[in-house]
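Colleague: Enclosed is the structure file entry-v2.cif (mmCIF, C-alpha atoms and all ligand atoms).
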data_query
loop_
_atom_site.label_atom_id
_atom_site.label_comp_id
_atom_site.auth_asym_id
_atom_site.auth_seq_id
_atom_site.Cartn_x
_atom_site.Cartn_y
_atom_site.Cartn_z
CA MET P 1 113.54 99.44 131.44
CA GLY P 2 113.21 103.10 130.34
CA LYS P 3 110.49 104.04 127.93
CA LYS P 4 111.25 102.87 124.39
CA ARG P 5 111.19 105.55 121.71
CA ILE P 6 108.99 104.48 118.81
CA MET P 7 109.32 106.66 115.74
CA VAL P 8 106.12 106.64 113.69
CA VAL P 9 106.70 107.85 110.11
CA PHE P 10 103.95 108.69 107.63
CA GLY P 11 103.31 111.19 104.86
CA THR P 12 100.06 110.65 102.96
CA ARG P 13 96.40 110.88 103.93
CA PRO P 14 95.72 107.15 104.30
CA GLU P 15 98.86 106.47 106.32
CA ALA P 16 98.05 109.34 108.67
CA ILE P 17 94.50 108.02 109.19
CA LYS P 18 95.70 104.50 109.92
CA MET P 19 98.68 105.51 112.08
CA ALA P 20 96.66 107.98 114.19
CA PRO P 21 95.26 105.23 116.46
CA VAL P 22 98.78 103.77 116.87
CA VAL P 23 100.15 107.18 117.88
CA ALA P 24 97.29 107.59 120.38
CA ALA P 25 97.93 104.13 121.86
CA LEU P 26 101.69 104.79 122.18
CA LYS P 27 101.01 108.14 123.85
CA ALA P 28 98.70 106.52 126.39
CA SER P 29 101.11 103.69 127.24
CA GLU P 30 103.55 103.47 130.14
CA ALA P 31 106.20 101.64 128.15
CA PHE P 32 106.61 103.78 125.03
CA VAL P 33 107.11 107.33 123.82
CA PRO P 34 105.91 108.12 120.28
CA VAL P 35 108.12 110.29 118.10
CA VAL P 36 105.98 111.39 115.17
CA VAL P 37 107.64 112.15 111.83
CA ALA P 38 105.49 113.54 109.02
CA SER P 39 107.20 113.43 105.64
CA ALA P 40 104.31 115.51 104.26
CA GLN P 41 104.44 113.63 100.95
CA HIS P 42 100.89 115.02 100.95
CA ARG P 43 100.71 118.51 102.41
CA GLU P 44 97.07 119.60 102.63
CA MET P 45 95.54 116.10 102.72
CA MET P 46 97.87 114.94 105.52
CA ASP P 47 97.37 118.15 107.50
CA GLN P 48 93.60 117.59 107.40
CA VAL P 49 94.08 114.26 109.17
CA LEU P 50 96.56 115.66 111.72
CA SER P 51 94.05 118.31 112.65
CA THR P 52 91.15 115.82 113.02
CA PHE P 53 93.17 113.57 115.32
CA HIS P 54 95.02 116.42 117.10
CA ILE P 55 98.48 115.16 116.18
CA VAL P 56 101.40 117.58 116.19
CA PRO P 57 104.46 115.98 114.54
CA ASP P 58 107.79 116.11 116.32
CA TYR P 59 109.45 116.44 112.92
CA ASP P 60 107.91 117.64 109.66
CA LEU P 61 110.08 116.95 106.59
CA ASP P 62 107.80 119.07 104.38
CA ILE P 63 108.89 117.28 101.20
CA MET P 64 105.84 117.74 98.95
CA LYS P 65 106.29 119.49 95.61
CA VAL P 66 103.53 119.78 93.06
CA GLY P 67 104.10 117.19 90.33
CA GLN P 68 106.71 115.31 92.40
CA THR P 69 108.13 112.12 90.92
CA LEU P 70 108.62 108.86 92.76
CA ALA P 71 112.38 109.43 92.66
CA ASP P 72 111.93 112.92 94.20
CA VAL P 73 109.90 111.54 97.08
CA THR P 74 112.28 108.63 97.67
CA ALA P 75 115.41 110.79 97.63
CA ARG P 76 114.02 113.54 99.86
CA VAL P 77 112.61 111.16 102.48
CA LEU P 78 115.79 109.07 102.51
CA SER P 79 118.12 112.00 103.10
CA ARG P 80 115.96 114.07 105.46
CA LEU P 81 114.85 111.12 107.54
CA THR P 82 118.45 110.01 108.01
CA GLU P 83 119.13 113.31 109.81
CA VAL P 84 115.99 112.87 111.90
CA LEU P 85 117.00 109.34 112.89
CA GLU P 86 120.39 110.64 114.02
CA ASP P 87 118.70 113.31 116.09
CA GLY P 88 115.71 111.33 117.42
CA LYS P 89 117.54 108.06 118.22
CA PRO P 90 114.50 105.77 118.13
CA ASP P 91 114.52 102.18 119.39
CA MET P 92 112.24 101.23 116.54
CA VAL P 93 110.69 102.83 113.46
CA LEU P 94 107.10 102.05 112.47
CA VAL P 95 106.00 102.57 108.88
CA HIS P 96 102.66 101.87 107.26
CA GLY P 97 101.54 100.04 104.15
CA ASP P 98 102.84 100.80 100.71
CA THR P 99 103.69 104.41 100.05
CA THR P 100 107.01 105.74 98.87
CA THR P 101 107.41 107.49 102.22
CA SER P 102 107.14 104.08 103.92
CA PHE P 103 109.65 102.44 101.61
CA ALA P 104 112.23 105.25 101.87
CA ALA P 105 111.78 105.51 105.66
CA ALA P 106 112.27 101.77 106.09
CA LEU P 107 115.41 101.95 103.95
CA ALA P 108 116.81 104.88 105.96
CA ALA P 109 116.22 102.99 109.21
CA PHE P 110 117.76 99.82 107.81
CA TYR P 111 120.91 101.71 106.79
CA MET P 112 121.26 102.79 110.41
CA GLN P 113 120.44 99.28 111.70
CA ILE P 114 117.34 100.48 113.51
CA PRO P 115 114.59 97.80 113.53
CA VAL P 116 111.50 98.51 111.46
CA GLY P 117 107.95 97.43 112.29
CA HIS P 118 105.60 97.27 109.32
CA VAL P 119 101.96 98.10 110.04
CA GLU P 120 99.60 96.62 107.41
CA ALA P 121 102.22 94.11 106.28
CA GLY P 122 101.78 91.25 103.84
CA LEU P 123 99.24 92.58 101.34
CA ARG P 124 100.00 91.26 97.88
CA THR P 125 98.73 91.09 94.31
CA TRP P 126 102.01 89.44 93.20
CA GLU P 127 101.89 91.68 90.11
CA LYS P 128 104.87 93.99 89.96
CA TYR P 129 103.09 96.90 88.26
CA SER P 130 99.66 96.64 89.85
CA PRO P 131 99.20 98.63 91.97
CA PHE P 132 102.22 100.65 90.89
CA PRO P 133 104.50 101.30 92.70
CA GLU P 134 102.70 100.10 95.83
CA GLU P 135 103.05 96.33 95.26
CA LEU P 136 106.83 96.59 95.18
CA ASN P 137 106.92 99.17 97.98
CA ARG P 138 105.16 96.63 100.19
CA GLN P 139 107.46 93.79 99.26
CA LEU P 140 110.54 95.98 99.77
CA VAL P 141 109.35 97.21 103.18
CA ASP P 142 108.72 93.61 104.23
CA SER P 143 112.28 92.71 103.21
CA LEU P 144 113.61 95.55 105.37
CA ALA P 145 111.35 95.01 108.41
CA SER P 146 111.91 93.01 111.59
CA LEU P 147 108.31 92.94 112.84
CA TYR P 148 105.15 92.43 110.78
CA PHE P 149 101.66 93.53 111.79
CA ALA P 150 99.44 91.71 109.32
CA PRO P 151 95.80 92.80 109.15
CA THR P 152 94.44 89.32 108.37
CA GLU P 153 95.46 85.66 108.42
CA LEU P 154 95.72 85.82 104.61
CA SER P 155 98.30 88.61 104.71
CA ALA P 156 100.22 86.70 107.42
CA GLU P 157 100.23 83.66 105.12
CA ASN P 158 101.66 85.80 102.28
CA LEU P 159 104.55 86.76 104.58
CA ARG P 160 105.19 83.14 105.57
CA ARG P 161 105.29 82.20 101.88
CA GLU P 162 108.17 84.66 101.53
CA ASN P 163 109.98 83.01 104.47
CA HIS P 164 109.62 85.86 106.91
CA PRO P 165 109.95 84.30 110.39
CA ASP P 166 106.67 83.20 111.91
CA ALA P 167 107.66 84.55 115.34
CA ALA P 168 107.90 88.06 113.88
CA ILE P 169 104.39 88.01 112.32
CA PHE P 170 101.36 89.20 114.31
CA VAL P 171 97.78 89.17 113.00
CA THR P 172 96.29 92.31 114.50
CA GLY P 173 93.40 93.43 112.28
CA ASN P 174 93.69 96.71 110.40
CA THR P 175 94.12 99.99 112.27
CA ALA P 176 91.70 101.48 109.67
CA ILE P 177 88.95 99.94 111.78
CA ASP P 178 90.37 101.49 114.97
CA ALA P 179 90.20 104.86 113.17
CA LEU P 180 86.67 104.17 111.95
CA HIS P 181 85.54 103.57 115.53
CA LEU P 182 86.90 107.00 116.45
CA THR P 183 85.31 108.86 113.54
CA MET P 184 81.90 107.18 113.79
CA ALA P 185 81.64 107.61 117.58
CA GLY P 186 79.58 110.81 117.22
CA GLY P 187 76.88 109.18 115.04
CA ALA P 188 76.42 109.13 111.29
CA VAL P 189 74.67 112.15 109.85
CA SER P 190 76.17 113.62 106.68
CA GLU P 191 75.65 117.22 105.66
CA PHE P 192 76.87 116.40 102.16
CA ALA P 193 74.39 113.77 100.94
CA SER P 194 70.97 114.95 99.68
CA LEU P 195 68.05 113.38 101.51
CA ASP P 196 65.92 113.09 98.35
CA LYS P 197 68.56 111.43 96.16
CA ARG P 198 70.43 108.17 95.98
CA THR P 199 74.06 109.09 96.53
CA ILE P 200 77.05 107.50 94.83
CA VAL P 201 80.39 108.49 96.36
CA LEU P 202 83.26 108.53 93.85
CA THR P 203 87.03 108.66 94.47
CA MET P 204 89.90 107.98 92.04
CA HIS P 205 93.59 108.69 92.18
CA ARG P 206 95.78 105.67 91.37
CA ARG P 207 98.70 106.04 89.00
CA GLU P 208 97.71 103.01 86.88
CA ASN P 209 94.34 104.74 86.27
CA TRP P 210 95.79 108.06 85.06
CA GLY P 211 94.78 108.67 81.43
CA ASP P 212 92.33 106.43 79.59
CA PRO P 213 91.11 104.30 82.53
CA MET P 214 90.03 107.42 84.43
CA ARG P 215 88.47 108.92 81.30
CA HIS P 216 86.41 105.76 80.76
CA VAL P 217 85.15 105.77 84.34
CA PHE P 218 84.18 109.45 84.09
CA ARG P 219 82.23 108.71 80.89
CA ALA P 220 80.36 105.94 82.72
CA ILE P 221 79.52 108.48 85.45
CA ASN P 222 78.12 110.89 82.81
CA ARG P 223 75.86 108.11 81.51
CA LEU P 224 74.63 107.16 84.99
CA LEU P 225 73.78 110.77 85.82
CA SER P 226 71.84 111.24 82.61
CA GLU P 227 69.94 107.96 82.98
CA PHE P 228 68.99 108.16 86.69
CA PRO P 229 67.44 111.53 87.69
CA ASP P 230 67.18 110.45 91.35
CA VAL P 231 70.94 109.79 91.59
CA GLU P 232 73.66 112.22 92.64
CA VAL P 233 77.42 111.63 92.50
CA ILE P 234 79.59 113.21 95.16
CA PHE P 235 83.24 113.33 94.14
CA PRO P 236 85.68 114.63 96.78
CA ILE P 237 88.51 114.99 94.35
CA HIS P 238 92.14 114.17 95.18
CA LYS P 239 94.54 117.14 95.16
CA ASN P 240 96.59 115.65 92.35
CA PRO P 241 96.43 118.17 89.44
CA LEU P 242 96.58 115.32 86.89
CA VAL P 243 93.39 113.82 88.30
CA ARG P 244 91.73 117.24 88.32
CA ALA P 245 92.67 117.91 84.70
CA LEU P 246 91.14 114.60 83.57
CA ALA P 247 87.96 115.33 85.51
CA ASP P 248 87.77 118.82 83.90
CA GLU P 249 88.06 117.27 80.46
CA GLU P 250 85.62 114.38 80.82
CA LEU P 251 82.95 115.02 83.43
CA LEU P 252 79.88 116.78 82.03
CA PRO P 253 78.37 119.50 84.19
CA SER P 254 75.26 118.44 86.11
CA PRO P 255 73.51 119.83 89.19
CA ARG P 256 73.67 116.27 90.52
CA LEU P 257 77.45 116.00 90.12
CA LYS P 258 79.03 117.49 93.22
CA ARG P 259 82.75 117.80 92.74
CA ILE P 260 84.12 118.93 96.11
CA GLU P 261 87.46 119.32 97.88
CA PRO P 262 88.83 116.32 99.85
CA LEU P 263 86.74 115.85 102.95
CA ASP P 264 87.92 115.67 106.49
CA VAL P 265 88.02 111.95 107.36
CA ARG P 266 85.11 112.21 109.80
CA ASP P 267 82.91 113.86 107.15
CA PHE P 268 84.04 111.33 104.57
CA HIS P 269 83.14 108.33 106.74
CA GLN P 270 79.76 109.84 107.49
CA LEU P 271 79.18 110.53 103.80
CA MET P 272 80.00 106.90 102.98
CA MET P 273 77.52 105.79 105.65
CA ALA P 274 74.81 108.03 104.16
CA SER P 275 75.51 106.90 100.58
CA THR P 276 73.86 104.17 98.52
CA PHE P 277 77.19 102.85 97.34
CA VAL P 278 80.79 103.83 96.59
CA MET P 279 82.87 103.68 93.41
CA ALA P 280 86.60 103.96 94.12
CA ASP P 281 90.12 102.83 93.31
CA SER P 282 91.18 103.58 96.89
CA GLY P 283 92.77 100.96 99.12
CA GLY P 284 91.55 102.26 102.47
CA ILE P 285 87.94 102.52 101.34
CA GLN P 286 88.01 98.80 100.53
CA GLU P 287 88.80 98.15 104.19
CA GLU P 288 86.27 100.55 105.68
CA ALA P 289 83.25 99.72 103.49
CA PRO P 290 82.72 96.12 104.66
CA SER P 291 82.38 97.35 108.27
CA LEU P 292 79.89 100.01 107.16
CA GLY P 293 77.92 97.58 104.98
CA LYS P 294 78.35 99.79 101.90
CA PRO P 295 78.91 98.17 98.49
CA VAL P 296 82.05 99.31 96.67
CA LEU P 297 82.62 98.95 92.93
CA VAL P 298 86.41 98.76 92.87
CA LEU P 299 87.75 100.65 89.84
CA ARG P 300 90.85 98.51 89.43
CA GLU P 301 91.97 95.36 87.65
CA THR P 302 93.55 93.79 90.76
CA THR P 303 93.23 94.11 94.50
CA GLU P 304 95.54 93.23 97.36
CA ARG P 305 92.45 93.26 99.59
CA PRO P 306 90.59 90.09 98.55
CA GLU P 307 88.94 89.78 101.98
CA GLY P 308 86.24 92.33 101.12
CA VAL P 309 85.60 90.64 97.77
CA SER P 310 85.10 87.29 99.57
CA ALA P 311 82.86 89.01 102.12
CA GLY P 312 80.69 90.13 99.17
CA THR P 313 80.94 93.89 99.85
CA LEU P 314 83.45 94.65 97.09
CA LYS P 315 83.20 93.94 93.40
CA LEU P 316 86.28 94.29 91.20
CA VAL P 317 84.91 95.98 88.07
CA GLY P 318 88.01 97.42 86.38
CA THR P 319 87.79 100.65 84.42
CA ALA P 320 86.15 99.82 81.06
CA GLU P 321 83.29 102.28 80.51
CA ASN P 322 80.62 99.68 79.88
CA ALA P 323 81.65 97.35 82.70
CA VAL P 324 81.62 100.24 85.18
CA TYR P 325 78.29 101.55 83.90
CA GLU P 326 76.64 98.11 83.97
CA ALA P 327 77.88 97.27 87.47
CA ALA P 328 76.56 100.57 88.84
CA ARG P 329 73.28 100.25 86.95
CA GLU P 330 72.78 96.77 88.42
CA LEU P 331 73.07 98.14 91.96
CA LEU P 332 70.59 100.90 91.11
CA VAL P 333 67.91 98.71 89.49
CA ASN P 334 68.27 95.32 91.17
CA ALA P 335 67.31 95.43 94.86
CA ASP P 336 68.40 91.82 95.45
CA ALA P 337 71.85 92.38 93.95
CA TYR P 338 72.17 95.50 96.09
CA ALA P 339 71.02 93.77 99.29
CA GLN P 340 73.54 90.97 98.75
CA MET P 341 76.42 93.44 98.72
CA ALA P 342 75.12 95.79 101.42
CA GLN P 343 75.79 93.63 104.43
CA ALA P 344 78.09 94.69 107.24
CA LYS P 345 81.00 92.25 107.57
CA ASN P 346 84.19 92.58 109.49
CA PRO P 347 87.19 91.00 107.77
CA TYR P 348 89.60 93.58 109.16
CA GLY P 349 89.21 93.12 112.88
CA ASP P 350 87.35 94.64 115.78
CA GLY P 351 89.12 97.98 116.22
CA THR P 352 91.79 96.69 118.62
CA ALA P 353 94.67 96.51 116.11
CA SER P 354 96.66 99.31 117.77
CA ALA P 355 96.39 97.69 121.20
CA GLN P 356 97.59 94.40 119.69
CA ILE P 357 100.51 96.14 117.99
CA LEU P 358 101.60 97.55 121.36
CA LEU P 359 101.45 94.09 122.94
CA ALA P 360 103.66 92.74 120.17
CA LEU P 361 106.11 95.62 120.61
CA SER P 362 106.31 94.91 124.35
CA ALA P 363 107.00 91.24 123.69
CA TYR P 364 109.71 92.19 121.15
CA PHE P 365 111.56 94.47 123.57
CA ALA P 366 111.20 91.94 126.41
CA ARG P 367 113.00 89.39 124.20
CA GLN P 368 115.83 91.87 123.47
CA LYS P 369 116.79 92.28 127.14
C1 LIG X 401 100.14 108.41 97.19
C2 LIG X 401 100.64 106.99 97.37
C3 LIG X 401 99.51 106.02 97.18
C4 LIG X 401 98.30 106.36 98.03
C5 LIG X 401 97.93 107.81 97.80
C6 LIG X 401 96.83 108.18 98.74
C7 LIG X 401 102.95 106.57 96.65
C8 LIG X 401 103.80 106.13 95.54
N1 LIG X 401 101.63 106.64 96.37
O1 LIG X 401 99.78 108.55 95.83
O2 LIG X 401 99.94 104.71 97.53
O3 LIG X 401 97.24 105.54 97.65
O4 LIG X 401 99.06 108.65 98.05
O5 LIG X 401 96.16 109.32 98.37
O6 LIG X 401 103.41 106.83 97.73
N2 LIG X 401 98.98 116.70 96.10
C9 LIG X 401 98.76 117.96 96.62
N3 LIG X 401 98.36 118.06 97.93
C10 LIG X 401 98.16 116.99 98.73
C11 LIG X 401 98.38 115.71 98.18
C12 LIG X 401 98.80 115.57 96.87
O7 LIG X 401 98.91 118.95 95.94
O8 LIG X 401 97.80 117.16 99.90
C13 LIG X 401 99.38 116.55 94.67
C14 LIG X 401 100.84 116.94 94.38
O9 LIG X 401 100.87 117.61 93.16
C15 LIG X 401 101.52 115.59 94.22
C16 LIG X 401 100.40 114.74 93.63
O10 LIG X 401 99.22 115.20 94.28
O11 LIG X 401 102.63 115.69 93.34
C17 LIG X 401 100.57 113.27 93.81
O12 LIG X 401 100.91 112.93 95.15
P1 LIG X 401 101.86 111.65 95.47
O13 LIG X 401 101.98 111.49 96.93
O14 LIG X 401 103.09 111.74 94.66
O15 LIG X 401 101.06 110.43 94.89
P2 LIG X 401 99.58 109.94 95.12
O16 LIG X 401 99.08 109.61 93.76
O17 LIG X 401 98.82 110.87 95.98
N1 LIG X 402 89.18 109.82 102.69
C1 LIG X 402 89.06 111.07 103.32
N2 LIG X 402 88.55 112.13 102.61
C2 LIG X 402 88.19 112.01 101.31
C3 LIG X 402 88.35 110.75 100.66
C4 LIG X 402 88.87 109.68 101.38
O1 LIG X 402 89.37 111.20 104.50
O2 LIG X 402 87.73 113.00 100.74
C5 LIG X 402 89.75 108.69 103.47
C6 LIG X 402 89.10 107.34 103.32
O3 LIG X 402 88.06 107.16 104.27
C7 LIG X 402 90.24 106.38 103.59
C8 LIG X 402 91.45 107.13 103.03
O4 LIG X 402 91.06 108.50 102.98
O5 LIG X 402 90.47 106.22 104.98
C9 LIG X 402 91.80 106.63 101.66
O6 LIG X 402 92.77 107.46 101.09
P1 LIG X 402 93.19 107.39 99.57
O7 LIG X 402 92.05 106.87 98.77
O8 LIG X 402 93.76 108.72 99.22
O9 LIG X 402 94.41 106.37 99.58
P2 LIG X 402 94.51 104.77 99.52
O10 LIG X 402 93.69 104.22 100.62
O11 LIG X 402 94.08 104.37 98.16
O12 LIG X 402 95.96 104.51 99.70
#
If you convert what's in this file into structure tokens, what do you get?
Modeller:
Amino acid sequence: MGKKRIMVVFGTRPEAIKMAPVVAALKASEAFVPVVVASAQHREMMDQVLSTFHIVPDYDLDIMKVGQTLADVTARVLSRLTEVLEDGKPDMVLVHGDTTTSFAAALAAFYMQIPVGHVEAGLRTWEKYSPFPEELNRQLVDSLASLYFAPTELSAENLRRENHPDAAIFVTGNTAIDALHLTMAGGAVSEFASLDKRTIVLTMHRRENWGDPMRHVFRAINRLLSEFPDVEVIFPIHKNPLVRALADEELLPSPRLKRIEPLDVRDFHQLMMASTFVMADSGGIQEEAPSLGKPVLVLRETTERPEGVSAGTLKLVGTAENAVYEAARELLVNADAYAQMAQAKNPYGDGTASAQILLALSAYFARQK
């Protein structure tokens, strides 16, 4: 059997981080050749990740436009990827998670009857608009896919509930943990956190939090900074201009509020490790924090990652100003409450997800012979 060509498509920061270990594993294998396609739904934030993991895409669709709509992203990925599929002739296309790049790429592959493998399959809130549009993107990709790499038994069970065939579902752990092993290999010293302060790391970007929810969280941050003089907030702010405008309007200036550009993933993981706790609406951070033993106040009403909540590391606090303020205050004043959340747990696997995905791919192609 000649080497199988596996096209790996991604476009945003989190997909690039979580697909980087898969690309590395494919590159190192005897059986497969990776063909990397970057949609560049995110330009700068994806490029940061490519540079950290030394990935040079075989194709770069360069689709990002400032203020792009979901329809823009879908249409551009669908049409440009179709040309790339014709040119690259992959035996399989791998997509990741829940972005619009992943959905449009899976659809393009399906139209050409090329099998799709879904990495990080089966996450669900079962609420159509939360997270929006990610919940539906995930369900749609799972309808289009032929192979499912579920991070946990719970996500595999979600797929079985939707009648996806058991033989096509593999519980592999999350490749986020594979990536974390790579970034933390050099130790954990952060140049960003102050040694004489307690550091809260803040990130926010989700569509359902644009507007009032984000404003309310920022007001809670203002209150925390004025009440706790030994606390600093480090906010590596997403490139989205809408998020930046809201931050400009609501966040009060303070020498202990450090609003910085998005960090390289290695620096970000080290900053999380050096922090007291994290406040975020991010998906990926909910997977990384349990392994690092860092409490996360999740600034969302729902989560498709209940494993970290069960492990005790994550608390779903929503976005109401008082609820966010009180939850953060509790972690700052109550050592027992803090200690209960700050325990390293590992619901997302042992960092071998990429290796397990390759085994499943080998078994799939062996069956096709
Ligand atoms: C996307 C994903 C979301 C994921 C998030 C990770 C979809 C629908 N959403 O949301 O699931 O959690 O990425 O961050 O796929 N921008 C830049 N430079 C960059 C990146 C973004 O300027 O490097 C700006 C652009 O103006 C862009 C805007 O941010 O229009 C929003 O980016 P977009 O990819 O549309 O959505 P996200 O909210 O980032
Ligand atoms: N991250 C990063 N730099 C930052 C903030 C986050 O590298 O300044 C990483 C983080 O560790 C996680 C991923 O980016 O792996 C999360 O991305 P994001 O929050 O944009 O998307 P989501 O995970 O919500 O889809």
Colleague: List all protein, DNA and RNA residues that have any atom at most 6 Å from ligand LIG 401 (chain X), counting only C-alpha atoms and all ligand atoms, and write the list as a short mmCIF file (atom, residue, chain, number, x, y, z; two decimals) with C-alpha atoms, in the coordinates of the input.
Modeller:
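Result file result-v1.cif:
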data_model
loop_
_atom_site.label_atom_id
_atom_site.label_comp_id
_atom_site.auth_asym_id
_atom_site.auth_seq_id
_atom_site.Cartn_x
_atom_site.Cartn_y
_atom_site.Cartn_z
CA THR P 12 100.06 110.65 102.96
CA ARG P 13 96.40 110.88 103.93
CA PRO P 14 95.72 107.15 104.30
CA GLN P 41 104.44 113.63 100.95
CA HIS P 42 100.89 115.02 100.95
CA ARG P 43 100.71 118.51 102.41
CA GLU P 44 97.07 119.60 102.63
CA MET P 45 95.54 116.10 102.72
CA LYS P 65 106.29 119.49 95.61
CA VAL P 66 103.53 119.78 93.06
CA GLY P 67 104.10 117.19 90.33
CA GLN P 68 106.71 115.31 92.40
CA ASP P 98 102.84 100.80 100.71
CA THR P 99 103.69 104.41 100.05
CA THR P 100 107.01 105.74 98.87
CA PRO P 133 104.50 101.30 92.70
CA GLU P 134 102.70 100.10 95.83
CA HIS P 205 93.59 108.69 92.18
CA ARG P 206 95.78 105.67 91.37
CA ARG P 207 98.70 106.04 89.00
CA LYS P 239 94.54 117.14 95.16
CA ASN P 240 96.59 115.65 92.35
CA PRO P 241 96.43 118.17 89.44
#
Colleague: Could you report the residues within 9 Å of ligand LIG 402 (chain X), using all atoms listed in the file, as a ChimeraX atom specification?
Modeller: /P:12-18,45,48-49,97-99,134,176,179-180,202-206,235-238,260-269,272,280-289
Colleague: Please work out which residues fall within 12 Å of (74.0, 114.0, 101.1), coordinates as given in the file, with all atoms listed in the file counting, and return them as number ranges by chain.
Modeller: P: 188-201, 231-235, 256-258, 267-268, 270-276
Colleague: Give the answer as one residue: which of P:Met19, P:Ile6, P:Leu224, P:Ala337 has the shortest atom-to-atom distance to Ala353 in chain P, using all atoms listed in the file?
Modeller: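 Going through P:Met19, P:Ile6, P:Leu224, P:Ala337 one by one, the smallest distance to Ala353 in chain P is for P:Met19.
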Colleague: Report the distance between CA of Gly308 in chain P and CA of Arg244 in chain P in Å, rounded to one decimal place.
Modeller: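 Separating CA of Gly308 in chain P from CA of Arg244 in chain P is a distance of 28.5 Å.
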Colleague: Take the point (111.7, 110.3, 96.9) as written in the file and pick out every residue within 12 Å of it, counting all atoms listed in the file; give the list as a PDB file with C-alpha atoms, keeping the file's coordinate frame.
Modeller:
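And here is the file that came out, result08.pdb:
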ATOM      1  CA  GLY P  11     103.310 111.190 104.860  1.00  0.00           C
ATOM      2  CA  SER P  39     107.200 113.430 105.640  1.00  0.00           C
ATOM      3  CA  ALA P  40     104.310 115.510 104.260  1.00  0.00           C
ATOM      4  CA  GLN P  41     104.440 113.630 100.950  1.00  0.00           C
ATOM      5  CA  LEU P  61     110.080 116.950 106.590  1.00  0.00           C
ATOM      6  CA  ILE P  63     108.890 117.280 101.200  1.00  0.00           C
ATOM      7  CA  MET P  64     105.840 117.740  98.950  1.00  0.00           C
ATOM      8  CA  LYS P  65     106.290 119.490  95.610  1.00  0.00           C
ATOM      9  CA  GLN P  68     106.710 115.310  92.400  1.00  0.00           C
ATOM     10  CA  THR P  69     108.130 112.120  90.920  1.00  0.00           C
ATOM     11  CA  LEU P  70     108.620 108.860  92.760  1.00  0.00           C
ATOM     12  CA  ALA P  71     112.380 109.430  92.660  1.00  0.00           C
ATOM     13  CA  ASP P  72     111.930 112.920  94.200  1.00  0.00           C
ATOM     14  CA  VAL P  73     109.900 111.540  97.080  1.00  0.00           C
ATOM     15  CA  THR P  74     112.280 108.630  97.670  1.00  0.00           C
ATOM     16  CA  ALA P  75     115.410 110.790  97.630  1.00  0.00           C
ATOM     17  CA  ARG P  76     114.020 113.540  99.860  1.00  0.00           C
ATOM     18  CA  VAL P  77     112.610 111.160 102.480  1.00  0.00           C
ATOM     19  CA  LEU P  78     115.790 109.070 102.510  1.00  0.00           C
ATOM     20  CA  SER P  79     118.120 112.000 103.100  1.00  0.00           C
ATOM     21  CA  ARG P  80     115.960 114.070 105.460  1.00  0.00           C
ATOM     22  CA  LEU P  81     114.850 111.120 107.540  1.00  0.00           C
ATOM     23  CA  THR P  99     103.690 104.410 100.050  1.00  0.00           C
ATOM     24  CA  THR P 100     107.010 105.740  98.870  1.00  0.00           C
ATOM     25  CA  THR P 101     107.410 107.490 102.220  1.00  0.00           C
ATOM     26  CA  SER P 102     107.140 104.080 103.920  1.00  0.00           C
ATOM     27  CA  PHE P 103     109.650 102.440 101.610  1.00  0.00           C
ATOM     28  CA  ALA P 104     112.230 105.250 101.870  1.00  0.00           C
ATOM     29  CA  ALA P 105     111.780 105.510 105.660  1.00  0.00           C
ATOM     30  CA  LEU P 107     115.410 101.950 103.950  1.00  0.00           C
ATOM     31  CA  ALA P 108     116.810 104.880 105.960  1.00  0.00           C
TER      32      ALA P 108
END
Colleague: Counting all atoms listed in the file, which of P:Val333, P:Ala344, P:Met279, P:Ile357 gets nearest to Glu120 in chain P?
Modeller: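 Of P:Val333, P:Ala344, P:Met279, P:Ile357, the one nearest Glu120 in chain P, counting all atoms listed in the file, is P:Ile357.
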Colleague: Restricting the calculation to all atoms listed in the file: of P:Glu321, P:Glu127, P:Glu86, P:Asp47, which residue gets closest to Thr302 in chain P?
Modeller: P:Glu127
Colleague: Have a look at P:Ser130, P:Thr82, P:Ser291, P:Ser254 and name the one nearest to Pro229 in chain P; count all atoms listed in the file.
Modeller: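 Smallest separation from Pro229 in chain P among the options: P:Ser254.
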Colleague: Could you state the separation of CA of Arg219 in chain P and CA of Ala245 in chain P in Å, given to one decimal place?
Modeller: 14.4 Å
Colleague: In Å, rounded to a single decimal, give me how far CA of Val23 in chain P is from CA of Asn346 in chain P.
Modeller: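 These atoms are spaced 23.2 Å apart.
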Colleague: Which is closer to Phe32 in chain P than all the others in P:Arg259, P:Lys3, P:Arg300, P:His54, using all atoms listed in the file?
Modeller: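 The answer is P:Lys3, which sits nearest to Phe32 in chain P.
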Colleague: With all atoms listed in the file as the atoms that count, which of P:Leu316, P:Leu154, P:Val324, P:Leu85 lies nearest to Tyr59 in chain P?
Modeller: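 So, comparing all the options, the nearest one is P:Leu85.
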Colleague: I'd like the contact shell of Ala145 in chain P - 9 Å cut-off, all atoms listed in the file, skipping same-chain residues fewer than 3 positions apart - returned as a ChimeraX atom specification.
Modeller: /P:106,110,115-118,140-142,148
Colleague: May I have the residues within 8 Å of Val37 in chain P as a PyMOL selection string, using only C-alpha atoms and disregarding those fewer than 3 positions away in the same chain?
Modeller: chain P and resi 7-10+57-61
